[in-house]
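Colleague: final_20.txt is reproduced in full below (compact mmCIF, C-alpha atoms and all ligand atoms).
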```txt
# COMPACT_ATOMS: atom_id res chain seq x y z
CA MET Y 1 -93.82 194.68 -0.49
CA LYS Y 2 -91.23 195.11 2.30
CA ILE Y 3 -91.77 193.12 5.48
CA LEU Y 4 -89.96 193.48 8.79
CA GLY Y 5 -89.51 190.07 10.42
CA ILE Y 6 -88.99 189.59 14.16
CA GLU Y 7 -87.77 186.34 15.76
CA SER Y 8 -87.19 185.57 19.46
CA SER Y 9 -88.55 182.05 19.99
CA CYS Y 10 -85.44 180.57 21.66
CA ASP Y 11 -82.00 182.08 22.22
CA GLU Y 12 -81.52 184.30 19.18
CA THR Y 13 -82.92 187.83 18.97
CA ALA Y 14 -83.32 188.63 15.30
CA ALA Y 15 -84.84 191.17 12.93
CA ALA Y 16 -84.68 191.39 9.14
CA VAL Y 17 -86.23 193.12 6.17
CA VAL Y 18 -87.25 191.09 3.10
CA GLN Y 19 -88.88 192.38 -0.07
CA ASP Y 20 -91.52 190.30 -1.91
CA GLY Y 21 -90.59 187.18 0.05
CA ARG Y 22 -87.32 186.66 -1.82
CA ILE Y 23 -85.07 189.73 -1.71
CA LEU Y 24 -82.97 189.92 1.43
CA LEU Y 25 -82.45 193.57 2.42
CA SER Y 26 -81.00 193.01 5.89
CA SER Y 27 -80.64 190.30 8.52
CA VAL Y 28 -79.48 190.96 12.08
CA VAL Y 29 -79.03 188.12 14.58
CA ASN Y 30 -77.95 188.61 18.18
CA SER Y 31 -76.99 185.19 19.49
CA GLN Y 32 -76.98 184.32 23.19
CA ILE Y 33 -74.79 181.24 22.68
CA ASP Y 34 -71.96 182.66 24.84
CA ILE Y 35 -74.37 183.44 27.69
CA HIS Y 36 -75.87 179.93 27.75
CA ALA Y 37 -72.62 178.03 27.07
CA VAL Y 38 -71.68 178.47 30.75
CA TYR Y 39 -74.75 176.39 31.71
CA GLY Y 40 -74.42 173.88 28.83
CA GLY Y 41 -77.87 174.74 27.47
CA VAL Y 42 -80.50 177.45 27.16
CA VAL Y 43 -81.79 178.83 30.48
CA PRO Y 44 -85.30 180.17 29.69
CA GLU Y 45 -85.36 183.07 32.18
CA VAL Y 46 -81.90 184.23 31.14
CA ALA Y 47 -82.94 184.02 27.48
CA ALA Y 48 -86.04 186.18 28.02
CA ARG Y 49 -84.07 188.83 29.89
CA SER Y 50 -81.44 188.99 27.18
CA HIS Y 51 -84.12 189.36 24.46
CA ILE Y 52 -85.55 192.37 26.31
CA GLU Y 53 -82.14 194.04 26.43
CA VAL Y 54 -81.44 193.78 22.71
CA ILE Y 55 -84.77 193.62 20.87
CA ASN Y 56 -85.03 197.37 20.13
CA PRO Y 57 -81.41 197.84 18.97
CA VAL Y 58 -81.69 194.69 16.80
CA ILE Y 59 -84.85 196.00 15.08
CA ASN Y 60 -83.30 199.45 14.54
CA GLN Y 61 -80.17 197.83 13.11
CA ALA Y 62 -82.24 195.78 10.63
CA LEU Y 63 -83.89 198.99 9.36
CA SER Y 64 -80.64 200.93 9.13
CA ASP Y 65 -78.75 198.05 7.43
CA ALA Y 66 -81.52 198.00 4.82
CA LYS Y 67 -81.26 201.81 4.57
CA LEU Y 68 -84.99 202.08 5.23
CA THR Y 69 -87.28 204.00 7.58
CA TRP Y 70 -90.62 202.92 9.04
CA ASP Y 71 -92.39 204.64 6.12
CA ASP Y 72 -90.89 202.04 3.76
CA ILE Y 73 -92.13 199.04 5.77
CA ASP Y 74 -95.45 197.56 4.58
CA ALA Y 75 -96.02 194.96 7.30
CA ILE Y 76 -94.56 193.17 10.32
CA ALA Y 77 -94.22 189.38 10.65
CA VAL Y 78 -93.36 187.76 13.98
CA SER Y 79 -92.78 184.21 15.31
CA TYR Y 80 -95.58 183.53 17.78
CA ALA Y 81 -95.22 179.72 18.09
CA PRO Y 82 -93.68 177.35 19.09
CA GLY Y 83 -90.84 178.14 21.48
CA LEU Y 84 -90.00 179.23 25.02
CA ILE Y 85 -92.89 181.24 26.42
CA GLY Y 86 -90.79 184.06 27.92
CA SER Y 87 -88.73 184.36 24.73
CA LEU Y 88 -91.75 184.37 22.41
CA LEU Y 89 -93.42 187.05 24.54
CA VAL Y 90 -90.61 189.56 24.00
CA GLY Y 91 -90.70 189.40 20.18
CA THR Y 92 -94.49 189.31 19.94
CA LEU Y 93 -94.94 192.21 22.38
CA ALA Y 94 -92.43 194.28 20.40
CA ALA Y 95 -94.21 193.40 17.14
CA ARG Y 96 -97.68 194.13 18.54
CA THR Y 97 -96.58 197.48 19.96
CA LEU Y 98 -94.86 198.52 16.72
CA ALA Y 99 -97.84 197.38 14.63
CA ILE Y 100 -100.08 199.69 16.70
CA LEU Y 101 -97.67 202.65 16.88
CA LYS Y 102 -96.59 202.55 13.24
CA ASN Y 103 -99.98 201.41 11.96
CA LYS Y 104 -98.73 198.31 10.09
CA PRO Y 105 -100.51 195.00 9.37
CA LEU Y 106 -99.24 192.16 11.59
CA TYR Y 107 -98.76 188.52 10.50
CA PRO Y 108 -98.28 185.67 13.01
CA ILE Y 109 -95.65 183.16 11.86
CA HIS Y 110 -95.09 179.51 12.85
CA HIS Y 111 -91.38 179.35 13.66
CA VAL Y 112 -90.78 175.79 12.42
CA GLU Y 113 -92.66 176.35 9.17
CA SER Y 114 -90.69 179.55 8.61
CA HIS Y 115 -87.37 177.65 8.67
CA VAL Y 116 -88.32 176.31 5.22
CA TYR Y 117 -88.44 179.89 3.89
CA ALA Y 118 -84.68 180.35 4.21
CA ASN Y 119 -84.73 178.47 0.90
CA PHE Y 120 -86.98 181.04 -0.79
CA LEU Y 121 -84.49 183.88 -0.29
CA THR Y 122 -82.79 184.09 -3.68
CA GLU Y 123 -81.78 187.73 -4.16
CA VAL Y 124 -80.05 190.40 -2.18
CA GLY Y 125 -80.67 194.14 -2.24
CA ILE Y 126 -80.20 197.19 -0.12
CA GLY Y 127 -82.41 200.30 0.07
CA ASP Y 128 -83.12 201.43 -3.49
CA GLN Y 129 -79.85 200.14 -4.88
CA GLU Y 130 -79.73 197.71 -7.73
CA ILE Y 131 -80.73 194.19 -6.80
CA GLY Y 132 -79.35 190.85 -7.95
CA ASN Y 133 -76.03 190.48 -6.18
CA ARG Y 134 -76.21 187.33 -4.06
CA GLU Y 135 -73.82 188.57 -1.39
CA LEU Y 136 -75.31 190.64 1.41
CA PRO Y 137 -73.39 193.95 1.64
CA ASN Y 138 -73.99 194.70 5.33
CA SER Y 139 -73.75 193.09 8.77
CA ASN Y 140 -73.69 189.50 7.49
CA SER Y 141 -71.38 190.27 4.60
CA GLN Y 142 -70.33 186.73 3.71
CA ILE Y 143 -73.81 185.27 3.16
CA LEU Y 144 -74.16 183.64 -0.26
CA ILE Y 145 -77.78 182.67 -0.73
CA ALA Y 146 -79.62 180.08 -2.85
CA THR Y 147 -79.93 180.79 -6.57
CA SER Y 148 -83.49 179.66 -7.27
CA ALA Y 149 -86.68 179.13 -5.28
CA PRO Y 150 -87.78 175.53 -4.67
CA ALA Y 151 -90.49 174.15 -6.99
CA PHE Y 152 -93.66 172.57 -5.57
CA PRO Y 153 -94.26 169.95 -4.39
CA VAL Y 154 -91.38 170.68 -2.01
CA LEU Y 155 -90.19 167.96 0.35
CA ALA Y 156 -88.81 169.68 3.46
CA LEU Y 157 -86.63 167.98 6.06
CA ILE Y 158 -86.90 170.26 9.09
CA VAL Y 159 -84.22 169.46 11.64
CA SER Y 160 -83.47 171.66 14.64
CA GLY Y 161 -82.93 171.56 18.39
CA GLY Y 162 -86.65 171.08 18.94
CA HIS Y 163 -87.92 169.42 15.76
CA SER Y 164 -87.20 166.62 13.32
CA GLN Y 165 -89.87 166.25 10.69
CA LEU Y 166 -90.59 165.58 7.06
CA VAL Y 167 -93.20 167.87 5.53
CA LEU Y 168 -94.60 167.92 2.00
CA PHE Y 169 -95.51 171.42 0.82
CA ARG Y 170 -97.95 171.39 -2.13
CA ASP Y 171 -98.00 175.20 -2.12
CA HIS Y 172 -97.36 178.06 0.31
CA GLY Y 173 -99.44 177.37 3.43
CA ASP Y 174 -100.64 174.03 2.01
CA TYR Y 175 -98.66 171.23 3.57
CA GLU Y 176 -98.86 167.76 5.06
CA LEU Y 177 -96.78 166.47 7.97
CA LEU Y 178 -95.45 163.11 6.72
CA GLY Y 179 -93.51 162.07 9.81
CA GLN Y 180 -91.68 163.33 12.86
CA THR Y 181 -89.51 162.25 15.74
CA GLN Y 182 -91.18 160.09 18.35
CA ASP Y 183 -88.79 161.24 21.09
CA ASP Y 184 -85.71 163.52 20.91
CA ALA Y 185 -85.13 165.98 18.07
CA VAL Y 186 -81.95 165.29 16.11
CA GLY Y 187 -80.35 168.62 17.21
CA GLU Y 188 -81.13 167.66 20.81
CA ALA Y 189 -79.34 164.32 20.24
CA PHE Y 190 -76.29 166.19 18.86
CA ASP Y 191 -76.33 168.44 21.95
CA LYS Y 192 -76.71 165.51 24.42
CA VAL Y 193 -74.06 163.34 22.75
CA ALA Y 194 -71.67 166.33 22.73
CA LYS Y 195 -72.14 166.57 26.50
CA ILE Y 196 -71.32 162.86 26.96
CA LEU Y 197 -68.18 163.32 24.83
CA GLY Y 198 -67.14 166.54 26.63
CA LEU Y 199 -67.57 168.75 23.55
CA ALA Y 200 -68.68 172.38 23.81
CA TYR Y 201 -72.25 173.69 23.58
CA PRO Y 202 -73.95 173.94 21.12
CA GLY Y 203 -73.23 170.31 20.33
CA GLY Y 204 -74.06 170.26 16.61
CA PRO Y 205 -71.15 172.34 15.33
CA SER Y 206 -68.77 170.80 17.95
CA ILE Y 207 -69.59 167.25 16.86
CA ALA Y 208 -69.28 168.19 13.19
CA ARG Y 209 -65.84 169.68 13.89
CA ALA Y 210 -64.60 166.73 15.98
CA ALA Y 211 -65.96 164.26 13.39
CA LEU Y 212 -63.66 165.70 10.71
CA ASN Y 213 -60.77 163.78 12.31
CA GLY Y 214 -62.78 160.68 13.20
CA ASN Y 215 -63.60 157.30 11.67
CA PRO Y 216 -67.38 157.11 11.06
CA THR Y 217 -67.39 153.29 10.95
CA LYS Y 218 -65.37 152.74 14.15
CA TYR Y 219 -68.35 152.20 16.45
CA LYS Y 220 -71.43 150.30 15.27
CA LEU Y 221 -74.51 152.22 16.40
CA PRO Y 222 -78.13 151.18 15.74
CA LYS Y 223 -80.61 152.90 13.41
CA SER Y 224 -84.01 152.73 15.08
CA LYS Y 225 -86.86 150.84 13.42
CA LEU Y 226 -90.24 152.53 13.67
CA SER Y 227 -93.71 151.64 12.44
CA GLY Y 228 -94.31 155.09 10.90
CA LYS Y 229 -92.73 155.07 7.42
CA TYR Y 230 -91.38 158.62 7.72
CA ASP Y 231 -90.98 158.88 11.50
CA PHE Y 232 -87.71 159.28 13.38
CA SER Y 233 -86.35 158.34 16.80
CA PHE Y 234 -83.04 159.54 18.26
CA SER Y 235 -83.27 158.71 21.93
CA GLY Y 236 -82.09 155.10 21.42
CA LEU Y 237 -79.09 156.30 19.41
CA LYS Y 238 -78.08 158.70 22.20
CA THR Y 239 -78.31 155.86 24.76
CA ALA Y 240 -76.32 153.57 22.44
CA VAL Y 241 -73.51 156.16 22.36
CA LEU Y 242 -73.60 156.36 26.15
CA ARG Y 243 -73.34 152.55 26.48
CA ALA Y 244 -70.53 152.36 23.89
CA VAL Y 245 -68.55 155.09 25.70
CA GLN Y 246 -69.01 153.23 29.01
CA HIS Y 247 -67.81 150.02 27.36
CA GLU Y 248 -64.85 151.72 25.69
CA THR Y 249 -63.71 153.39 28.92
CA GLY Y 250 -64.21 150.25 31.01
CA VAL Y 251 -66.93 151.44 33.39
CA ASP Y 252 -70.47 150.16 33.93
CA PHE Y 253 -73.80 152.02 33.72
CA THR Y 254 -73.62 153.15 37.36
CA PHE Y 255 -70.63 155.38 36.58
CA PRO Y 256 -71.74 159.06 36.48
CA SER Y 257 -72.08 160.15 32.83
CA THR Y 258 -70.58 163.54 33.67
CA GLY Y 259 -67.26 161.84 34.42
CA LEU Y 260 -67.05 159.83 31.19
CA ALA Y 261 -65.62 162.55 28.95
CA GLN Y 262 -62.38 162.81 30.97
CA ARG Y 263 -61.70 159.11 30.33
CA LEU Y 264 -61.78 159.50 26.54
CA ASN Y 265 -58.72 160.43 24.49
CA ASP Y 266 -58.96 162.69 21.42
CA VAL Y 267 -58.94 159.81 18.94
CA GLN Y 268 -61.81 158.04 20.70
CA ARG Y 269 -63.72 161.32 21.00
CA ALA Y 270 -63.37 162.01 17.27
CA ASP Y 271 -64.37 158.44 16.36
CA PHE Y 272 -67.47 158.61 18.56
CA ALA Y 273 -68.42 162.01 17.09
CA ALA Y 274 -67.99 160.70 13.53
CA SER Y 275 -69.83 157.41 14.18
CA PHE Y 276 -72.76 159.15 15.88
CA GLN Y 277 -72.98 161.83 13.19
CA ARG Y 278 -72.92 159.27 10.37
CA THR Y 279 -75.70 157.16 11.95
CA ALA Y 280 -77.92 160.17 12.78
CA ILE Y 281 -77.53 161.60 9.30
CA GLU Y 282 -78.10 158.32 7.48
CA THR Y 283 -81.32 157.92 9.48
CA LEU Y 284 -82.49 161.34 8.25
CA VAL Y 285 -81.45 160.72 4.65
CA ASP Y 286 -83.02 157.21 4.49
CA LYS Y 287 -86.47 158.60 5.29
CA THR Y 288 -86.04 161.67 3.07
CA GLU Y 289 -85.07 159.49 0.12
CA ARG Y 290 -88.07 157.24 0.67
CA ALA Y 291 -90.50 160.19 0.83
CA PHE Y 292 -88.87 161.79 -2.23
CA TYR Y 293 -89.78 158.77 -4.37
CA ASP Y 294 -93.16 158.08 -2.71
CA PHE Y 295 -94.47 161.62 -3.28
CA GLY Y 296 -92.68 162.60 -6.49
CA ALA Y 297 -91.25 165.79 -4.98
CA LYS Y 298 -89.96 168.36 -7.49
CA SER Y 299 -87.50 169.79 -4.99
CA VAL Y 300 -85.97 168.91 -1.64
CA VAL Y 301 -84.96 171.46 0.99
CA ILE Y 302 -83.41 171.11 4.42
CA ALA Y 303 -84.20 173.62 7.14
CA GLY Y 304 -83.42 174.31 10.80
CA GLY Y 305 -80.12 174.46 12.69
CA VAL Y 306 -79.01 170.91 11.81
CA ALA Y 307 -79.36 171.80 8.11
CA ALA Y 308 -76.05 173.64 8.57
CA ASN Y 309 -74.37 170.22 8.89
CA ALA Y 310 -71.97 169.64 5.98
CA GLU Y 311 -72.13 165.83 6.21
CA LEU Y 312 -75.95 165.94 5.93
CA ARG Y 313 -75.64 168.08 2.79
CA ARG Y 314 -73.02 165.78 1.28
CA ILE Y 315 -74.88 162.51 1.86
CA LEU Y 316 -78.26 163.95 0.83
CA SER Y 317 -76.81 165.23 -2.45
CA GLU Y 318 -75.33 161.77 -3.08
CA ARG Y 319 -78.63 159.98 -2.56
CA ILE Y 320 -81.20 162.37 -4.09
CA PRO Y 321 -80.98 162.51 -7.89
CA ILE Y 322 -81.93 166.20 -8.29
CA HIS Y 323 -79.88 169.33 -7.61
CA ILE Y 324 -80.37 170.69 -4.09
CA ASP Y 325 -79.78 174.42 -3.66
CA TYR Y 326 -78.82 174.73 0.02
CA ALA Y 327 -79.45 177.90 2.02
CA PRO Y 328 -76.36 179.29 3.79
CA SER Y 329 -75.74 178.14 7.38
CA GLU Y 330 -76.53 181.65 8.67
CA LEU Y 331 -80.07 181.31 7.37
CA CYS Y 332 -80.46 177.68 8.58
CA THR Y 333 -80.08 178.54 12.27
CA ASP Y 334 -82.64 180.88 13.84
CA ASN Y 335 -82.99 184.21 12.03
CA ALA Y 336 -85.71 186.70 11.09
CA ALA Y 337 -85.21 186.75 7.31
CA MET Y 338 -87.05 183.42 7.08
CA VAL Y 339 -89.87 184.91 9.19
CA ALA Y 340 -90.15 187.99 6.94
CA SER Y 341 -90.12 185.83 3.80
CA MET Y 342 -92.90 183.58 5.07
CA GLY Y 343 -94.80 186.70 6.18
CA TYR Y 344 -95.00 187.82 2.55
CA TYR Y 345 -96.45 184.53 1.26
CA TYR Y 346 -98.80 184.40 4.26
CA SER Y 347 -100.03 187.94 3.45
CA LEU Y 348 -100.98 186.87 -0.08
CA LYS Y 349 -103.41 184.30 1.28
CA LYS Y 350 -104.52 185.43 4.72
CA GLN Y 351 -105.72 188.48 6.61
CA PRO Y 352 -103.48 190.15 9.20
CA ILE Y 353 -104.19 189.53 12.87
CA SER Y 354 -105.25 192.29 15.28
CA PRO Y 355 -102.21 193.39 17.31
CA TYR Y 356 -104.53 193.51 20.32
CA GLU Y 357 -105.36 189.81 19.94
CA LEU Y 358 -102.09 188.03 19.07
CA GLU Y 359 -101.18 185.46 21.73
CA VAL Y 360 -98.10 183.22 21.84
CA ILE Y 361 -98.49 179.43 21.59
CA PRO Y 362 -95.39 177.79 23.13
CA SER Y 363 -96.27 174.29 21.84
CA LEU Y 364 -97.86 174.20 18.43
CA SER Y 365 -97.04 171.40 16.01
CA MET Y 366 -97.21 171.51 12.23
CA ALA Y 367 -99.72 168.64 12.20
CA HIS Y 368 -102.57 171.00 11.36
CA ILE Y 369 -102.56 173.97 9.08
CA ASN Y 370 -103.64 176.95 11.20
O1 LIG Y 401 -83.00 175.98 14.37
P1 LIG Y 401 -82.09 176.21 15.52
O2 LIG Y 401 -81.09 177.35 15.42
O3 LIG Y 401 -82.89 176.43 16.85
C1 LIG Y 401 -84.06 175.69 17.11
O4 LIG Y 401 -85.15 176.16 16.68
O5 LIG Y 401 -83.90 174.60 17.70
O6 LIG Y 401 -81.31 174.82 15.76
C2 LIG Y 401 -80.37 174.65 16.80
C3 LIG Y 401 -79.85 173.21 16.75
C4 LIG Y 401 -78.97 172.85 17.93
O7 LIG Y 401 -79.38 171.60 18.45
C5 LIG Y 401 -77.57 172.77 17.30
O8 LIG Y 401 -76.72 171.85 17.96
C6 LIG Y 401 -77.90 172.28 15.90
O9 LIG Y 401 -79.09 173.00 15.56
N1 LIG Y 401 -76.84 172.59 14.92
C7 LIG Y 401 -76.16 171.63 14.26
C8 LIG Y 401 -75.19 172.31 13.47
N2 LIG Y 401 -75.32 173.66 13.69
C9 LIG Y 401 -76.35 173.80 14.58
N3 LIG Y 401 -76.28 170.30 14.26
C10 LIG Y 401 -75.43 169.58 13.46
N4 LIG Y 401 -74.48 170.15 12.72
C11 LIG Y 401 -74.31 171.49 12.66
N5 LIG Y 401 -73.34 172.01 11.90
ZN ZN Y 402 -85.43 177.20 14.90
```
Represent the structure contained in this file as structure tokens.

Modeller:
Amino acid sequence: MKILGIESSCDETAAAVVQDGRILLSSVVNSQIDIHAVYGGVVPEVAARSHIEVINPVINQALSDAKLTWDDIDAIAVSYAPGLIGSLLVGTLAARTLAILKNKPLYPIHHVESHVYANFLTEVGIGDQEIGNRELPNSNSQILIATSAPAFPVLALIVSGGHSQLVLFRDHGDYELLGQTQDDAVGEAFDKVAKILGLAYPGGPSIARAALNGNPTKYKLPKSKLSGKYDFSFSGLKTAVLRAVQHETGVDFTFPSTGLAQRLNDVQRADFAASFQRTAIETLVDKTERAFYDFGAKSVVIAGGVAANAELRRILSERIPIHIDYAPSELCTDNAAMVASMGYYYSLKKQPISPYELEVIPSLSMAHIN
């Protein structure tokens, strides 16, 4: 079964074709990072307009990269929640229209849940050519994907710009939210700390890069203590970085935070990036390790944009005693291959939705299975 996935929940316009939930036939991502970098963050109206401009070419590219026509596509899967309302509307309207015009079943996909499915993509193919090569021979030519699908129960650490949560999947579509952030998402903390340090947007990759030259034990930053065993909090850590930078540069809390970065030298900047990254990542790994033992997980996966972080992968592999097969960074950040993969497993258990009835839900948590 070949599914076309469509993703437009935030600032990436993406389309992909996946066969049987695991064989990646194509994956096209049009990122708006350059457009939003000027403003230091995503501007919702600008994002929606940019999605409109590229959604059709991106979908056509996904079909042509896979060397397929509409006749070969069995169903459409689209992210309908959560995300920016204007962004979600573009992808869902495209998917609804195509489902009607091309007469295809339509599956509504929860964006955050779908991040986990990057880990279920284990083979690569193209058109009718032989399948099994793990390197994608088209637009994203350097992608090397995971070798085997995770075994249930799967413990998933989902960490992105909008979410930080630990979820236990007993099966496809059967999961329990174990814990989540009580304030900022970890990706949001990376982005905000990058701003304080004067590092480029998006903050995650900039901090990771700066941290390579830094000392992670230079500044002592607090790990928050929370009553929920598997919950997170990152707002205090962000404020602790702000206070430490003020202290280091000899100003008090009344000094405008936008002026702090110019007072830091490169060594201080790298040490702050490394110290923040180490503390944020240890916080994530501490809770993941605890849940791993408490629930006897057979596999652990990380998902979402922050899952691209090399230090997170390194420390998690050190602390968890089973092999972790990481998805490539390209499939950790927003993409449509994960949406198409989840669409397949969803279709095995649930009925399609009427294209006339699909509505977007900008804020929908994973607390309840829909
Ligand atoms: O999943 P994603 O692409 O979009 C959301 O659904 O939020 O995640 C984007 C987030 C941003 O906060 C970005 O700074 C962070 O993922 N990120 C990283 C890295 N690459 C992206 N954070 C830490 N290290 C990275 N290498
Ligand atoms: Zn995402």

Colleague: Distance table requested - chain Y against ligand ZN 402 (chain Y), cut-off 9 Å, only C-alpha atoms and all ligand atoms: one row per qualifying residue with the closest atom pair and its distance in Å to one decimal, ordered by chain and rising residue number, as a tab-separated table.

Modeller:
```
residue	atom	partner	partner_atom	distance
Y:Ser9	CA	Y:ZN402	ZN	7.7
Y:Cys10	CA	Y:ZN402	ZN	7.6
Y:Gly83	CA	Y:ZN402	ZN	8.6
Y:His111	CA	Y:ZN402	ZN	6.4
Y:Val112	CA	Y:ZN402	ZN	6.1
Y:Ser114	CA	Y:ZN402	ZN	8.5
Y:His115	CA	Y:ZN402	ZN	6.5
Y:Val159	CA	Y:ZN402	ZN	8.5
Y:Ser160	CA	Y:ZN402	ZN	5.9
Y:Gly161	CA	Y:ZN402	ZN	7.1
Y:Gly162	CA	Y:ZN402	ZN	7.4
Y:His163	CA	Y:ZN402	ZN	8.2
Y:Ala303	CA	Y:ZN402	ZN	8.6
Y:Gly304	CA	Y:ZN402	ZN	5.4
Y:Gly305	CA	Y:ZN402	ZN	6.4
Y:Cys332	CA	Y:ZN402	ZN	8.1
Y:Thr333	CA	Y:ZN402	ZN	6.1
Y:Asp334	CA	Y:ZN402	ZN	4.7
Y:Asn335	CA	Y:ZN402	ZN	8.0
```

Colleague: Which one is closest to ligand LIG 401 (chain Y): Y:Ala261, Y:Val46, Y:Ala273, Y:Val18? Count all atoms listed in the file.

Modeller: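 Checking each candidate against ligand LIG 401 (chain Y), we get Y:Ala273 as the closest.
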
Colleague: Please measure the separation of CA of Lys238 (chain Y) and CA of Gly198 (chain Y), giving the value in Å to one decimal.

Modeller: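 If I compute the distance from CA of Lys238 (chain Y) to CA of Gly198 (chain Y), I get 14.2 Å.
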
Colleague: For the point (-74.6, 189.5, 18.2) in the file's frame, write as number ranges by chain all residues with an atom no more than 12 Å away, counting all atoms listed in the file.

Modeller: Y: 11-15, 27-35, 50-51, 54-55, 57-58, 61, 139-140, 335

Colleague: For atom C7 of ligand LIG 401 (chain Y) and CA of Thr283 (chain Y), determine how far apart the two atoms are, in Å to one decimal place.

Modeller: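 Distance reported for this atom pair: 15.4 Å.
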
Colleague: Using CA of Ile23 (chain Y) and CA of Leu121 (chain Y) as the two end points, give the distance in Å to one decimal.

Modeller: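 Answer for the CA of Ile23 (chain Y) to CA of Leu121 (chain Y) separation: 6.0 Å.
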
Colleague: Considering all atoms listed in the file, return as a VMD selection string whatever protein or nucleic-acid residues lie within 12 Å of Leu197 (chain Y), sequence-local ones (same chain, fewer than 5 positions apart) excluded.

Modeller: chain Y and resid 190 to 192 203 206 to 207 210 to 211 238 241 to 242 244 to 246 249 257 to 274 276

Colleague: With distances taken over all atoms listed in the file, which of Y:Asp65, Y:Asp231, Y:Glu176, Y:Glu188 is nearest to Phe295 (chain Y)?

Modeller: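 When distances to Phe295 (chain Y) are compared using all atoms listed in the file, the smallest one comes from Y:Glu176.
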
Colleague: Using only C-alpha atoms and all ligand atoms for the distances, tell me which of Y:Ile196, Y:Leu177, Y:Ala291, Y:Val42 is nearest to ligand LIG 401 (chain Y).

Modeller: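 Comparing Y:Ile196, Y:Leu177, Y:Ala291, Y:Val42 against ligand LIG 401 (chain Y), the winner is Y:Val42.
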
Colleague: Which one is closest to ligand LIG 401 (chain Y): Y:Asp325, Y:Asp171, Y:Glu113, Y:Glu248? Count all atoms listed in the file.

Modeller: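 The shortest atom-to-atom distance to ligand LIG 401 (chain Y) comes from Y:Glu113.
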
Colleague: Using all atoms listed in the file, find the one residue out of Y:Ser354, Y:Ser148, Y:Ser164, Y:Ser224 that sits nearest to ligand LIG 401 (chain Y).

Modeller: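 Among the listed residues, the smallest separation from ligand LIG 401 (chain Y) belongs to Y:Ser164.
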
Colleague: Tell me which of Y:Ser8, Y:Thr97, Y:Asn213, Y:Thr181 sits closest to ligand LIG 401 (chain Y), counting only C-alpha atoms and all ligand atoms.

Modeller: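 Ranking Y:Ser8, Y:Thr97, Y:Asn213, Y:Thr181 by distance to ligand LIG 401 (chain Y), first place goes to Y:Ser8.
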
Colleague: Report as a Markdown table the residues of region 133-212 of chain Y within 8 Å of region 36-39 of chain Y, each with its shortest atom pair and distance in Å (one decimal), using all atoms listed in the file, ordered by chain and increasing residue number.

Modeller:
```
| residue | atom | partner | partner_atom | distance |
| --- | --- | --- | --- | --- |
| Y:Ala200 | CA | Y:Ala37 | CA | 7.6 |
| Y:Tyr201 | CA | Y:Ala37 | CA | 5.6 |
| Y:Pro202 | CA | Y:Ala37 | CA | 7.3 |
```

Colleague: Neighbouring residues of region 338-346 of chain Y were defined as those with any atom within 8 Å, considering only C-alpha atoms; residues of the same chain fewer than 5 positions away were excluded. Please report them as a ChimeraX atom specification.

Modeller: /Y:1,3-7,16-22,76-79,107-109,111,114-118,120-121,172-173,331

Colleague: Starting from the sparse input, extend region 113-123 of chain Y to N, CA and C atoms and give the output as an mmCIF file, keeping the file's coordinate frame.

Modeller:
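Result file is out-v9.cif:
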```
data_model
loop_
_atom_site.group_PDB
_atom_site.id
_atom_site.type_symbol
_atom_site.label_atom_id
_atom_site.label_comp_id
_atom_site.auth_asym_id
_atom_site.auth_seq_id
_atom_site.Cartn_x
_atom_site.Cartn_y
_atom_site.Cartn_z
ATOM 1 N N GLU Y 113 -92.302 176.212 10.583
ATOM 2 C CA GLU Y 113 -92.660 176.350 9.170
ATOM 3 C C GLU Y 113 -91.765 177.391 8.496
ATOM 4 N N SER Y 114 -91.469 178.468 9.217
ATOM 5 C CA SER Y 114 -90.690 179.550 8.610
ATOM 6 C C SER Y 114 -89.260 179.125 8.279
ATOM 7 N N HIS Y 115 -88.726 178.124 8.991
ATOM 8 C CA HIS Y 115 -87.370 177.650 8.670
ATOM 9 C C HIS Y 115 -87.254 177.280 7.185
ATOM 10 N N VAL Y 116 -88.329 176.733 6.626
ATOM 11 C CA VAL Y 116 -88.320 176.310 5.220
ATOM 12 C C VAL Y 116 -88.083 177.510 4.298
ATOM 13 N N TYR Y 117 -88.506 178.702 4.747
ATOM 14 C CA TYR Y 117 -88.440 179.890 3.890
ATOM 15 C C TYR Y 117 -87.045 180.469 3.721
ATOM 16 N N ALA Y 118 -86.071 179.972 4.466
ATOM 17 C CA ALA Y 118 -84.680 180.350 4.210
ATOM 18 C C ALA Y 118 -84.326 179.975 2.765
ATOM 19 N N ASN Y 119 -85.006 178.957 2.260
ATOM 20 C CA ASN Y 119 -84.730 178.470 0.900
ATOM 21 C C ASN Y 119 -85.414 179.296 -0.185
ATOM 22 N N PHE Y 120 -86.308 180.192 0.203
ATOM 23 C CA PHE Y 120 -86.980 181.040 -0.790
ATOM 24 C C PHE Y 120 -86.283 182.390 -0.957
ATOM 25 N N LEU Y 121 -85.243 182.625 -0.160
ATOM 26 C CA LEU Y 121 -84.490 183.880 -0.290
ATOM 27 C C LEU Y 121 -83.445 183.694 -1.385
ATOM 28 N N THR Y 122 -83.647 184.348 -2.508
ATOM 29 C CA THR Y 122 -82.790 184.090 -3.680
ATOM 30 C C THR Y 122 -82.117 185.339 -4.237
ATOM 31 N N GLU Y 123 -82.424 186.499 -3.676
ATOM 32 C CA GLU Y 123 -81.780 187.730 -4.160
ATOM 33 C C GLU Y 123 -81.409 188.602 -2.975
#
```
